[in-house]
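J.: The file below is entry_6.txt, compact mmCIF, C-alpha atoms:
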# COMPACT_ATOMS: atom_id res chain seq x y z
CA MET A 1 15.24 12.59 11.90
CA THR A 2 12.81 9.71 11.97
CA ASP A 3 13.17 6.49 10.00
CA THR A 4 9.49 6.59 9.08
CA ALA A 5 8.30 8.77 6.21
CA ILE A 6 4.56 8.09 6.49
CA GLU A 7 2.59 6.20 9.07
CA ALA A 8 -1.16 5.70 8.89
CA ALA A 9 -3.31 4.17 11.62
CA GLY A 10 -6.93 3.34 10.87
CA LEU A 11 -6.89 6.20 8.40
CA GLY A 12 -10.24 7.00 6.81
CA ARG A 13 -11.76 9.77 4.76
CA ARG A 14 -15.37 10.24 3.74
CA PHE A 15 -16.74 12.73 1.26
CA GLY A 16 -20.38 13.03 2.29
CA ARG A 17 -22.30 10.77 4.63
CA ARG A 18 -24.12 8.73 2.02
CA ARG A 19 -21.15 7.85 -0.13
CA ALA A 20 -18.81 4.96 0.52
CA PRO A 21 -15.62 6.21 2.18
CA ALA A 22 -12.76 7.09 -0.20
CA LEU A 23 -10.35 5.60 2.35
CA ASP A 24 -11.31 3.18 5.07
CA GLY A 25 -9.22 1.79 7.92
CA CYS A 26 -5.82 2.15 6.25
CA THR A 27 -2.88 1.12 8.40
CA PHE A 28 0.64 1.00 7.00
CA ARG A 29 4.15 2.36 7.50
CA LEU A 30 6.47 3.67 4.80
CA PRO A 31 10.13 3.72 5.91
CA ALA A 32 12.17 6.79 4.99
CA GLY A 33 14.41 6.60 1.91
CA ARG A 34 12.05 4.39 -0.06
CA VAL A 35 10.64 4.96 -3.51
CA CYS A 36 7.07 3.78 -3.16
CA ALA A 37 4.64 2.88 -5.93
CA LEU A 38 1.09 3.77 -4.93
CA THR A 39 -1.22 1.87 -7.19
CA GLY A 40 -4.76 0.60 -7.52
CA PRO A 41 -7.70 0.94 -9.89
CA ASN A 42 -9.50 4.21 -10.56
CA GLY A 43 -11.31 5.36 -7.44
CA ALA A 44 -9.17 3.23 -5.11
CA GLY A 45 -8.24 6.23 -2.97
CA LYS A 46 -4.73 6.98 -4.25
CA SER A 47 -5.24 10.73 -4.70
CA THR A 48 -7.11 11.00 -1.40
CA LEU A 49 -4.23 9.31 0.42
CA LEU A 50 -1.66 11.65 -1.17
CA ALA A 51 -3.76 14.72 -0.33
CA LEU A 52 -4.06 13.53 3.29
CA ALA A 53 -0.28 13.02 3.51
CA ALA A 54 0.27 16.48 2.03
CA GLY A 55 -2.04 18.01 4.65
CA LEU A 56 -4.51 19.29 2.05
CA LEU A 57 -7.28 17.09 3.44
CA ARG A 58 -8.06 16.10 7.00
CA PRO A 59 -8.88 12.53 7.92
CA THR A 60 -12.43 11.81 9.04
CA GLU A 61 -11.15 8.75 10.94
CA GLY A 62 -7.82 7.59 12.33
CA GLY A 63 -4.62 9.51 11.77
CA ILE A 64 -1.58 9.99 9.62
CA THR A 65 1.89 11.19 10.59
CA VAL A 66 4.44 12.42 8.08
CA LEU A 67 8.20 12.67 8.79
CA GLY A 68 7.42 12.09 12.46
CA THR A 69 4.92 14.91 12.83
CA THR A 70 1.57 16.12 11.50
CA PRO A 71 1.26 16.79 7.77
CA ALA A 72 0.73 20.50 8.51
CA ALA A 73 3.93 20.73 10.57
CA ALA A 74 5.88 18.83 7.90
CA ARG A 75 4.69 21.05 5.07
CA GLU A 76 8.04 22.78 4.57
CA ARG A 77 9.83 19.45 4.29
CA LEU A 78 7.53 17.82 1.78
CA ALA A 79 6.54 18.57 -1.78
CA TYR A 80 3.30 17.52 -3.40
CA VAL A 81 2.53 17.54 -7.10
CA ALA A 82 -1.18 17.16 -7.76
CA GLN A 83 -2.54 15.26 -10.73
CA HIS A 84 -3.63 18.40 -12.62
CA LYS A 85 -0.30 20.20 -11.90
CA PRO A 86 -1.74 23.51 -10.68
CA LEU A 87 0.60 26.32 -11.79
CA HIS A 88 -0.19 29.95 -12.41
CA PRO A 89 -0.95 30.21 -16.15
CA GLN A 90 0.11 33.84 -16.51
CA LEU A 91 3.58 33.39 -14.99
CA THR A 92 6.61 32.53 -17.05
CA ILE A 93 8.68 29.46 -16.20
CA ALA A 94 11.38 31.70 -14.71
CA GLY A 95 8.72 33.57 -12.73
CA THR A 96 7.32 30.27 -11.44
CA LEU A 97 10.78 29.20 -10.24
CA ARG A 98 11.31 32.63 -8.60
CA LEU A 99 8.05 32.12 -6.77
CA GLY A 100 9.35 28.74 -5.61
CA ARG A 101 12.49 30.43 -4.30
CA ASP A 102 10.50 33.14 -2.49
CA LEU A 103 8.14 30.62 -0.91
CA ASN A 104 10.98 28.34 0.22
CA PRO A 105 13.77 30.80 1.11
CA ARG A 106 15.70 28.42 3.35
CA ARG A 107 15.53 25.31 1.21
CA TRP A 108 15.46 26.45 -2.42
CA ASP A 109 18.02 24.92 -4.80
CA ALA A 110 17.86 26.96 -8.00
CA ARG A 111 20.44 24.81 -9.79
CA VAL A 112 18.34 21.64 -9.54
CA ALA A 113 15.16 23.40 -10.66
CA GLU A 114 16.83 25.16 -13.59
CA ARG A 115 18.53 21.99 -14.78
CA ILE A 116 15.24 20.09 -14.95
CA VAL A 117 13.69 22.88 -17.04
CA ALA A 118 16.76 23.08 -19.30
CA GLU A 119 16.80 19.30 -19.87
CA GLY A 120 13.39 19.61 -21.46
CA GLY A 121 14.63 22.32 -23.83
CA LEU A 122 12.18 24.83 -22.32
CA ASP A 123 12.74 28.58 -22.65
CA PRO A 124 12.45 30.15 -19.15
CA ASP A 125 10.56 33.13 -20.64
CA THR A 126 7.66 30.96 -21.87
CA LYS A 127 4.37 31.45 -20.06
CA ILE A 128 2.90 28.45 -18.30
CA ARG A 129 -0.35 28.67 -20.30
CA ALA A 130 1.61 28.10 -23.52
CA LEU A 131 3.04 24.77 -22.31
CA SER A 132 1.81 21.29 -23.19
CA GLY A 133 0.63 18.96 -20.44
CA GLY A 134 3.95 17.13 -20.34
CA GLN A 135 5.95 20.36 -20.25
CA ARG A 136 3.78 21.59 -17.39
CA THR A 137 4.58 18.36 -15.52
CA ARG A 138 8.28 19.07 -16.01
CA VAL A 139 7.94 22.57 -14.51
CA ALA A 140 5.85 21.21 -11.62
CA LEU A 141 8.56 18.64 -10.88
CA ALA A 142 11.27 21.31 -11.11
CA LEU A 143 9.33 23.35 -8.56
CA ALA A 144 8.91 20.30 -6.30
CA LEU A 145 12.55 19.14 -6.46
CA GLY A 146 13.90 22.69 -6.15
CA LYS A 147 12.34 22.73 -2.70
CA ARG A 148 14.75 19.93 -1.68
CA PRO A 149 11.98 17.98 0.01
CA GLU A 150 12.55 15.06 2.35
CA LEU A 151 9.31 13.55 1.09
CA LEU A 152 8.03 13.90 -2.45
CA LEU A 153 4.37 13.07 -3.11
CA LEU A 154 3.57 12.73 -6.82
CA ASP A 155 0.05 12.06 -8.08
CA GLU A 156 0.19 10.38 -11.51
CA PRO A 157 3.44 12.16 -12.38
CA MET A 158 4.17 10.22 -15.57
CA ALA A 159 0.68 10.20 -17.11
CA ASP A 160 1.19 12.87 -19.77
CA LEU A 161 4.93 12.51 -20.44
CA ASP A 162 6.41 11.18 -23.67
CA PRO A 163 8.78 8.18 -23.29
CA LEU A 164 11.94 10.30 -23.39
CA ALA A 165 10.68 12.82 -20.82
CA ARG A 166 9.44 9.96 -18.66
CA HIS A 167 12.88 8.34 -18.70
CA GLN A 168 14.68 11.65 -18.06
CA LEU A 169 12.44 12.70 -15.20
CA THR A 170 12.43 9.27 -13.58
CA ALA A 171 16.24 9.28 -13.80
CA THR A 172 16.30 12.76 -12.22
CA LEU A 173 14.04 11.58 -9.40
CA MET A 174 16.20 8.49 -8.82
CA ALA A 175 19.40 10.54 -8.81
CA ASP A 176 17.86 12.89 -6.26
CA ALA A 177 16.89 9.88 -4.13
CA ALA A 178 20.45 8.50 -4.47
CA ASP A 179 22.04 11.82 -3.45
CA HIS A 180 19.74 12.89 -0.64
CA GLY A 181 17.82 9.80 0.45
CA THR A 182 14.56 11.51 -0.54
CA THR A 183 11.46 9.41 0.09
CA VAL A 184 9.27 9.36 -3.01
CA VAL A 185 5.66 8.23 -3.32
CA MET A 186 4.38 8.00 -6.91
CA SER A 187 0.89 7.00 -7.84
CA SER A 188 -0.06 5.37 -11.11
CA HIS A 189 -2.59 2.85 -12.28
CA VAL A 190 -0.04 1.57 -14.81
CA VAL A 191 2.00 -0.80 -12.69
CA ALA A 192 4.63 -1.63 -15.30
CA GLU A 193 5.53 2.07 -15.42
CA LEU A 194 6.68 1.99 -11.80
CA GLU A 195 8.29 -1.43 -11.58
CA GLY A 196 11.94 -0.56 -12.21
CA SER A 197 12.10 2.61 -10.18
CA CYS A 198 10.21 1.64 -7.02
CA ASP A 199 11.38 -0.54 -4.15
CA HIS A 200 8.20 -0.38 -2.09
CA LEU A 201 4.56 -0.99 -2.96
CA LEU A 202 1.26 0.20 -1.60
CA LEU A 203 -1.73 -1.30 -3.39
CA LEU A 204 -5.13 0.18 -2.60
CA GLY A 205 -8.50 -1.26 -3.56
CA SER A 206 -11.86 0.28 -2.66
CA GLY A 207 -10.20 2.54 -0.11
CA ARG A 208 -8.37 -0.25 1.72
CA VAL A 209 -4.77 -1.42 1.81
CA ARG A 210 -4.44 -4.68 -0.14
CA LEU A 211 -0.64 -5.02 -0.27
CA ALA A 212 2.03 -3.00 1.51
CA GLY A 213 5.73 -3.62 1.91
CA PRO A 214 9.11 -3.88 0.19
CA LEU A 215 8.56 -4.84 -3.45
CA ASP A 216 11.04 -7.74 -3.45
CA ASP A 217 9.51 -9.23 -0.31
CA LEU A 218 5.98 -8.92 -1.64
CA LEU A 219 6.98 -10.61 -4.89
CA ALA A 220 8.86 -13.34 -3.03
CA ALA A 221 5.78 -14.03 -0.90
CA HIS A 222 3.80 -15.03 -4.00
CA THR A 223 4.17 -17.96 -6.37
CA LEU A 224 2.45 -18.66 -9.65
CA VAL A 225 1.57 -22.35 -9.79
CA THR A 226 0.27 -24.54 -12.58
CA GLY A 227 -0.84 -28.12 -12.11
CA ARG A 228 -3.72 -30.51 -12.71
CA ALA A 229 -7.15 -29.18 -11.87
CA GLY A 230 -8.56 -30.68 -8.69
CA LYS A 231 -5.27 -30.82 -6.83
CA ALA A 232 -5.63 -29.30 -3.39
CA LEU A 233 -3.77 -26.05 -2.76
CA ASP A 234 -4.18 -25.93 1.00
CA PRO A 235 -2.58 -25.00 3.34
CA HIS A 236 -1.40 -22.21 1.04
CA THR A 237 -3.24 -18.91 0.83
CA VAL A 238 -4.86 -18.76 -2.59
CA VAL A 239 -5.14 -15.24 -3.98
CA GLU A 240 -6.67 -16.32 -7.27
CA SER A 241 -7.17 -19.62 -9.04
CA ARG A 242 -8.55 -20.60 -12.41
CA ALA A 243 -9.17 -23.99 -13.99
CA THR A 244 -8.95 -24.32 -17.75
CA GLY A 245 -9.73 -27.85 -18.88
CA ARG A 246 -7.41 -30.07 -16.85
CA GLN A 247 -5.07 -27.23 -15.98
CA LEU A 248 -5.12 -25.25 -12.78
CA THR A 249 -3.40 -21.86 -12.66
CA ALA A 250 -3.19 -20.05 -9.35
CA LEU A 251 -1.42 -17.27 -7.55
CA VAL A 252 -0.71 -18.40 -4.00
CA ARG A 253 1.17 -17.32 -0.91
CA PRO A 254 2.93 -20.57 -0.09
CA ALA A 255 2.76 -21.69 3.54
CA GLY A 256 5.55 -24.20 2.91
CA PRO A 257 6.91 -26.37 0.08
CA LEU A 258 4.40 -26.73 -2.75
CA GLY A 259 4.96 -30.43 -3.27
CA ASP A 260 5.17 -32.48 -6.45
CA GLY A 261 2.86 -32.08 -9.36
CA PHE A 262 2.98 -28.30 -9.34
CA GLN A 263 5.14 -26.19 -11.54
CA SER A 264 5.99 -22.96 -9.78
CA ASP A 265 7.10 -19.66 -11.27
CA ARG A 266 7.90 -16.27 -9.90
CA PRO A 267 5.14 -13.83 -10.79
CA SER A 268 5.81 -10.38 -12.16
CA LEU A 269 4.65 -7.33 -10.21
CA GLU A 270 1.87 -6.86 -12.73
CA GLU A 271 0.65 -10.45 -12.25
CA VAL A 272 0.57 -10.04 -8.47
CA VAL A 273 -1.29 -6.73 -8.68
CA LEU A 274 -3.80 -7.91 -11.29
CA ALA A 275 -4.56 -11.10 -9.36
CA HIS A 276 -5.35 -9.01 -6.28
CA LEU A 277 -7.54 -6.63 -8.25
CA ARG A 278 -9.51 -9.51 -9.77
CA SER A 279 -9.97 -11.06 -6.32
CA PRO A 280 -11.25 -8.30 -4.02
CA ASP A 281 -11.81 -10.84 -1.22
CA ALA A 282 -8.24 -12.12 -1.09
CA PRO A 283 -6.74 -11.30 2.31
CA PRO A 284 -4.45 -8.25 2.45
CA LEU A 285 -0.73 -8.74 2.99
CA LEU A 286 1.28 -6.19 4.92
CA LEU A 287 5.01 -6.73 5.31
CA ASP A 288 7.23 -4.54 7.43
CA ARG A 289 10.81 -3.66 6.60
CA ARG A 290 12.22 -6.89 7.98
CA GLY A 291 9.87 -8.90 5.79
CA ALA A 292 7.68 -10.19 8.62
CA ALA A 293 3.92 -10.00 8.27
CA VAL A 294 2.30 -7.48 10.61
CA MET B 1 33.80 1.29 -16.73
CA VAL B 2 30.74 -0.76 -17.53
CA GLU B 3 27.33 0.31 -18.76
CA TYR B 4 24.27 -1.61 -17.63
CA ARG B 5 21.37 -2.41 -19.89
CA ILE B 6 18.19 -3.13 -17.99
CA ASP B 7 15.54 -5.25 -19.69
CA ARG B 8 12.27 -4.75 -17.83
CA ARG B 9 10.49 -7.51 -19.70
CA SER B 10 13.06 -10.23 -19.08
CA GLY B 11 11.42 -11.41 -15.86
CA VAL B 12 14.89 -11.36 -14.25
CA ALA B 13 15.06 -9.12 -11.18
CA THR B 14 16.82 -5.85 -11.96
CA TYR B 15 19.55 -6.32 -9.36
CA VAL B 16 20.27 -9.80 -10.73
CA GLN B 17 20.69 -8.28 -14.20
CA ILE B 18 23.32 -5.90 -12.79
CA VAL B 19 25.10 -8.78 -11.03
CA GLN B 20 25.04 -10.88 -14.20
CA GLN B 21 26.22 -8.08 -16.47
CA THR B 22 29.06 -7.21 -14.10
CA LYS B 23 30.17 -10.84 -14.09
CA GLN B 24 29.93 -10.99 -17.85
CA ALA B 25 32.11 -7.87 -18.11
CA LEU B 26 34.60 -9.57 -15.78
CA ARG B 27 34.63 -12.72 -17.91
CA LEU B 28 35.12 -10.73 -21.09
CA GLY B 29 37.89 -8.68 -19.52
CA LEU B 30 35.92 -5.44 -19.90
CA LEU B 31 36.44 -5.03 -16.17
CA GLU B 32 39.72 -5.85 -14.49
CA PRO B 33 40.89 -5.87 -10.87
CA GLY B 34 41.29 -2.29 -9.65
CA ASP B 35 38.63 -0.91 -11.99
CA LYS B 36 35.89 1.21 -10.45
CA LEU B 37 32.21 0.38 -10.91
CA PRO B 38 29.90 3.30 -11.71
CA THR B 39 28.37 4.96 -8.64
CA ALA B 40 24.73 4.29 -7.82
CA ARG B 41 23.95 7.83 -8.93
CA GLU B 42 25.61 7.31 -12.31
CA VAL B 43 23.71 4.08 -12.87
CA VAL B 44 20.31 5.52 -11.94
CA GLU B 45 20.85 8.64 -14.04
CA ALA B 46 21.48 6.44 -17.07
CA THR B 47 18.86 3.76 -16.45
CA ALA B 48 16.15 5.41 -14.29
CA ILE B 49 16.14 2.41 -11.95
CA ASN B 50 15.97 2.58 -8.17
CA PRO B 51 19.27 3.41 -6.41
CA ASN B 52 18.66 0.79 -3.71
CA THR B 53 18.57 -1.83 -6.48
CA VAL B 54 22.07 -0.85 -7.59
CA LEU B 55 23.36 -0.96 -4.01
CA LYS B 56 21.75 -4.36 -3.53
CA ALA B 57 23.54 -5.69 -6.63
CA TYR B 58 26.87 -4.27 -5.43
CA ARG B 59 26.38 -5.84 -1.99
CA GLU B 60 25.77 -9.19 -3.68
CA LEU B 61 28.97 -8.82 -5.75
CA GLU B 62 30.82 -7.87 -2.59
CA ARG B 63 29.46 -10.91 -0.78
CA GLU B 64 30.81 -13.07 -3.58
CA GLY B 65 34.22 -11.46 -3.14
CA LEU B 66 34.28 -9.97 -6.64
CA VAL B 67 34.27 -6.30 -5.65
CA GLU B 68 34.98 -4.22 -2.57
CA ALA B 69 33.48 -0.98 -1.39
CA ARG B 70 36.05 1.58 -0.29
CA ARG B 71 34.47 4.17 1.94
CA GLY B 72 34.10 7.51 0.22
CA LEU B 73 35.85 6.29 -2.93
CA GLY B 74 33.46 3.86 -4.59
CA THR B 75 33.23 0.20 -5.46
CA PHE B 76 36.23 -1.51 -7.03
CA VAL B 77 36.83 -4.83 -8.77
CA ARG B 78 38.85 -7.27 -6.68
CA LYS B 79 38.97 -10.39 -8.76
CA ALA B 80 38.83 -11.39 -12.39
CA LEU B 81 36.43 -14.14 -13.44
CA SER B 82 37.26 -16.91 -15.81
CA THR B 83 34.85 -19.31 -17.44
CA ALA B 84 35.43 -23.04 -17.12
CA PRO B 85 37.91 -23.78 -19.92
CA ALA B 86 36.75 -25.79 -22.90
CA ASP B 87 38.82 -28.82 -21.86
CA SER B 88 37.70 -28.91 -18.20
CA PRO B 89 36.48 -32.25 -16.79
CA LEU B 90 33.11 -30.66 -15.98
CA ARG B 91 32.54 -29.87 -19.60
CA ALA B 92 33.54 -33.41 -20.64
CA ASP B 93 30.99 -34.83 -18.16
CA LEU B 94 28.26 -32.58 -19.50
CA ASP B 95 29.19 -33.42 -23.07
CA ALA B 96 28.88 -37.16 -22.39
CA TRP B 97 25.58 -36.60 -20.59
CA ALA B 98 24.15 -34.60 -23.51
CA ALA B 99 25.18 -37.37 -25.93
CA ARG B 100 23.37 -39.96 -23.76
CA ALA B 101 20.29 -37.77 -23.59
CA ARG B 102 20.22 -37.54 -27.36
CA GLU B 103 20.66 -41.28 -27.77
CA ALA B 104 17.74 -41.75 -25.40
CA GLY B 105 15.63 -39.82 -27.89
CA LEU B 106 15.28 -36.50 -26.01
CA GLU B 107 14.70 -33.36 -28.01
CA ARG B 108 16.70 -30.19 -27.43
CA GLU B 109 13.87 -28.67 -25.41
CA ASP B 110 13.47 -31.80 -23.27
CA VAL B 111 17.16 -31.64 -22.46
CA ALA B 112 16.97 -27.93 -21.67
CA ALA B 113 13.97 -28.48 -19.35
CA LEU B 114 15.74 -31.35 -17.59
CA PHE B 115 18.95 -29.34 -17.21
CA THR B 116 17.05 -26.33 -15.86
CA SER B 117 15.17 -28.41 -13.31
CA VAL B 118 18.44 -29.96 -12.07
CA LEU B 119 20.02 -26.48 -11.94
CA ASP B 120 17.05 -25.23 -9.94
CA ALA B 121 17.36 -28.13 -7.50
CA HIS B 122 21.07 -27.44 -6.90
CA PHE B 123 21.02 -23.65 -6.97
CA ALA B 124 17.65 -23.12 -5.32
CA ASP B 125 18.76 -20.15 -3.25
CA PHE B 126 19.77 -18.18 -6.30
CA LYS B 127 16.65 -19.09 -8.24
CA GLY B 128 14.66 -17.48 -5.45
CA ASP B 129 16.17 -14.14 -6.37
CA ALA B 130 16.36 -14.53 -10.12
Show me the file's structure as structure tokens.

T.:
Amino acid sequence: MTDTAIEAAGLGRRFGRRRAPALDGCTFRLPAGRVCALTGPNGAGKSTLLALAAGLLRPTEGGITVLGTTPAAARERLAYVAQHKPLHPQLTIAGTLRLGRDLNPRRWDARVAERIVAEGGLDPDTKIRALSGGQRTRVALALALGKRPELLLLDEPMADLDPLARHQLTATLMADAADHGTTVVMSSHVVAELEGSCDHLLLLGSGRVRLAGPLDDLLAAHTLVTGRAGKALDPHTVVESRATGRQLTALVRPAGPLGDGFQSDRPSLEEVVLAHLRSPDAPPLLLDRRGAAV
Amino acid sequence: MVEYRIDRRSGVATYVQIVQQTKQALRLGLLEPGDKLPTAREVVEATAINPNTVLKAYRELEREGLVEARRGLGTFVRKALSTAPADSPLRADLDAWAARAREAGLEREDVAALFTSVLDAHFADFKGDA
């Protein structure tokens, strides 16, 4: 067993020579047992990163290791659910789960898979092509969790789920993580959706890592300050600042006490992420498990 | 047993909400010494929050001496919590202070802001996590 679920070093991926790389120079480490939110705007490279970790794509630069080995060698121990949830349309739900059992003979846990399907009130004899998008997501997650993976890679898993299904399936994922220490990586461009269930964050922008580390530490590293416009904010790192009339509002990484004349508040995850997306030139912040910058 | 209600829009960190709600249950007598807290799995199945968040809250309660983890059995309440009684000297001091603030012409919100800033100054370490 390794204590690292995913490690990327200078990881890059190009699709065609003329186009800007989808991923460029990504270096980060995701400790095992974390539930990681992978977020960023459309086209940031989230899906590319997940496909590289799943071994479905090869890097064009740098490297990625998964569960201490190559993605190909780790394939049995990881499960990947792609954004479009590819399932065989002509199979029934029961047939799909049987296929899961046959493909994963040593790891398959039929009870887990069947419970997830039953929770959604789905009849096992229904064909996949007759299911709605959200129901298909449920079957795809049943197939992924039935495999008892050590690492679960989910590309936009919650996008087409209704609020009840979203709550149920998130709870199921969290319970699985509590029981087995499963590492989960979930991508979404809706940050608020991930806030309660994730304890680690990876924010991508234009193919690069902008923020990486434990969620609490990343939040604690930022402060939302308001004060009079014109007051100097150095030596703090300013991620974003705006002046409205006499008022200055800024998101900073404090280098020490802020001093008088500033009111400071703790930002929400969404405020931290949005400030970084609006300020593409703000320096990246990578924190390791012990909270130290790397 | 206690059931946690997580408010994602409150701005209060999730683990702090669990700590606060456990303490509130202790104050109200909904939890008594010897009672078992729900397991991390039970909490996450009901609330869909991260299991490490629950464990972090329980560690904090343990650090404060309110609960203890018994290996393989679960987390149990050690101590009851009581609020400062209505006739405590602390309350009398605060009462007199609030009366002075009002005489000085402060509005309710001014007083609340002042009180919060003094609280923050004295309990800075906890504010950092709140």

J.: Determine, counting only C-alpha atoms, every residue of protein, DNA or RNA that lies within 7 Å of (-1.4, 8.1, 12.7) in the file coordinates, then give the result as a tab-separated table (two decimals) with C-alpha atoms, in the coordinates of the input.

T.:
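Result saved to selection00.tsv:
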chain	number	residue	atom	x	y	z
A	7	GLU	CA	2.59	6.20	9.07
A	8	ALA	CA	-1.16	5.70	8.89
A	9	ALA	CA	-3.31	4.17	11.62
A	62	GLY	CA	-7.82	7.59	12.33
A	63	GLY	CA	-4.62	9.51	11.77
A	64	ILE	CA	-1.58	9.99	9.62
A	65	THR	CA	1.89	11.19	10.59

J.: For atom CA of Ser268 of chain A and atom CA of Thr39 of chain B, determine how far apart the two atoms are, in Å to one decimal place.

T.: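 Separation of atom CA of Ser268 of chain A and atom CA of Thr39 of chain B: 27.5 Å.
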
J.: Give me, as a ChimeraX atom specification, all polymer residues having an atom no more than 8 Å from Val184 of chain A, counting only C-alpha atoms and skipping those fewer than 3 positions away in the same chain.

T.: /A:33-36,151-154,177

J.: Do you have the atom CA of Leu211 of chain A-atom CA of Leu52 of chain A distance handy?

T.: 19.2 Å

J.: Compute the chain A side of the contact with chain B at 7 Å, counting all atoms listed in the file, and hand it back as a ChimeraX atom specification.

T.: /A:167,170-172,174-175,178,196-199,268

J.: Under the rule that all atoms listed in the file are counted, which of A:Thr249, A:Gln168, A:Thr4, A:Ser132 is the nearest residue to Arg115 of chain A?

T.: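 Residue with the minimum atom-to-atom distance to Arg115 of chain A: A:Gln168.
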
J.: Record the distance separating atom CA of Gln90 of chain A and atom CA of Ala53 of chain A, expressed in Å with one decimal.

T.: 28.9 Å

J.: When distances are computed from all atoms listed in the file, which of A:Gln83, A:Thr226, A:Ser241, A:Ser206 shows the smallest separation from Gly25 of chain A?

T.: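 Answer, going by the shortest atom-to-atom distance: A:Ser206.
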
J.: Taking only C-alpha atoms into account, name the residue in A:His84, A:Ala20, A:Leu194, A:Gly227 that is nearest to Asp160 of chain A.

T.: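 Nearest candidate to Asp160 of chain A out of A:His84, A:Ala20, A:Leu194, A:Gly227: A:His84.
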
J.: Using all atoms listed in the file, which residues sit within 12 Å of Thr96 of chain A once same-chain residues fewer than 3 positions away are excluded, as an mmCIF file with C-alpha atoms, in the coordinates of the input?

T.:
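File selection.cif, as written:
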data_model
loop_
_atom_site.group_PDB
_atom_site.id
_atom_site.type_symbol
_atom_site.label_atom_id
_atom_site.label_comp_id
_atom_site.auth_asym_id
_atom_site.auth_seq_id
_atom_site.Cartn_x
_atom_site.Cartn_y
_atom_site.Cartn_z
ATOM 1 C CA PRO A 86 -1.740 23.510 -10.680
ATOM 2 C CA LEU A 87 0.600 26.320 -11.790
ATOM 3 C CA HIS A 88 -0.190 29.950 -12.410
ATOM 4 C CA PRO A 89 -0.950 30.210 -16.150
ATOM 5 C CA GLN A 90 0.110 33.840 -16.510
ATOM 6 C CA LEU A 91 3.580 33.390 -14.990
ATOM 7 C CA THR A 92 6.610 32.530 -17.050
ATOM 8 C CA ILE A 93 8.680 29.460 -16.200
ATOM 9 C CA LEU A 99 8.050 32.120 -6.770
ATOM 10 C CA GLY A 100 9.350 28.740 -5.610
ATOM 11 C CA ARG A 101 12.490 30.430 -4.300
ATOM 12 C CA ASP A 102 10.500 33.140 -2.490
ATOM 13 C CA LEU A 103 8.140 30.620 -0.910
ATOM 14 C CA ALA A 110 17.860 26.960 -8.000
ATOM 15 C CA ALA A 113 15.160 23.400 -10.660
ATOM 16 C CA GLU A 114 16.830 25.160 -13.590
ATOM 17 C CA VAL A 117 13.690 22.880 -17.040
ATOM 18 C CA PRO A 124 12.450 30.150 -19.150
ATOM 19 C CA ASP A 125 10.560 33.130 -20.640
ATOM 20 C CA THR A 126 7.660 30.960 -21.870
ATOM 21 C CA LYS A 127 4.370 31.450 -20.060
ATOM 22 C CA ILE A 128 2.900 28.450 -18.300
ATOM 23 C CA ARG A 129 -0.350 28.670 -20.300
ATOM 24 C CA ARG A 136 3.780 21.590 -17.390
ATOM 25 C CA VAL A 139 7.940 22.570 -14.510
ATOM 26 C CA ALA A 140 5.850 21.210 -11.620
ATOM 27 C CA LEU A 141 8.560 18.640 -10.880
ATOM 28 C CA ALA A 142 11.270 21.310 -11.110
ATOM 29 C CA LEU A 143 9.330 23.350 -8.560
ATOM 30 C CA ALA A 144 8.910 20.300 -6.300
ATOM 31 C CA GLY A 146 13.900 22.690 -6.150
#

J.: So, with all atoms listed in the file as the atoms that count, which of A:Ala165, A:Ala232, A:Val191, A:Val238 lies closest to Glu271 of chain A?

T.: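 Using all atoms listed in the file, Glu271 of chain A sits closest to A:Val191.
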
J.: Build an axis-aligned box that encloses every atom of segment 102-115 of chain B listed in the file, pad it by 3 Å on each side, and report its centre and edge lengths in Å to one decimal, as lines of an AutoDock Vina configuration file.

T.:
center_x = 17.1
center_y = -34.8
center_z = -22.6
size_x = 13.2
size_y = 19.8
size_z = 16.8

J.: Select, from B:Ala57, B:Val67, B:Ala98, B:Val2, the residue with the minimum atom-to-atom distance to Ile18 of chain B, counting only C-alpha atoms.

T.: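 Residue with the minimum atom-to-atom distance to Ile18 of chain B: B:Ala57.
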
J.: I'd like the neighbourhood of Leu285 of chain A as a list in words, where a residue qualifies if any of its atoms comes within 10 Å (using only C-alpha atoms), though same-chain residues fewer than 3 positions away should be ignored.

T.: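 With the cut-off at 10 Å, the set is Leu203, Val209, Arg210, Leu211, Ala212, Gly213, Leu218, Ala221, Arg253, Ala282, Ala293 and Val294 of chain A.
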
J.: Please identify all polymer residues within 7 Å of segment 21-37 of chain B, counting only C-alpha atoms, omitting same-chain residues fewer than 6 positions from it, and present them as a compact mmCIF listing (two decimals) with C-alpha atoms, in the coordinates of the input.

T.:
# COMPACT_ATOMS: atom_id res chain seq x y z
CA MET B 1 33.80 1.29 -16.73
CA VAL B 2 30.74 -0.76 -17.53
CA TYR B 4 24.27 -1.61 -17.63
CA GLY B 74 33.46 3.86 -4.59
CA THR B 75 33.23 0.20 -5.46
CA PHE B 76 36.23 -1.51 -7.03
CA VAL B 77 36.83 -4.83 -8.77
CA ARG B 78 38.85 -7.27 -6.68
CA LYS B 79 38.97 -10.39 -8.76
CA ALA B 80 38.83 -11.39 -12.39
CA LEU B 81 36.43 -14.14 -13.44
CA SER B 82 37.26 -16.91 -15.81
CA THR B 83 34.85 -19.31 -17.44
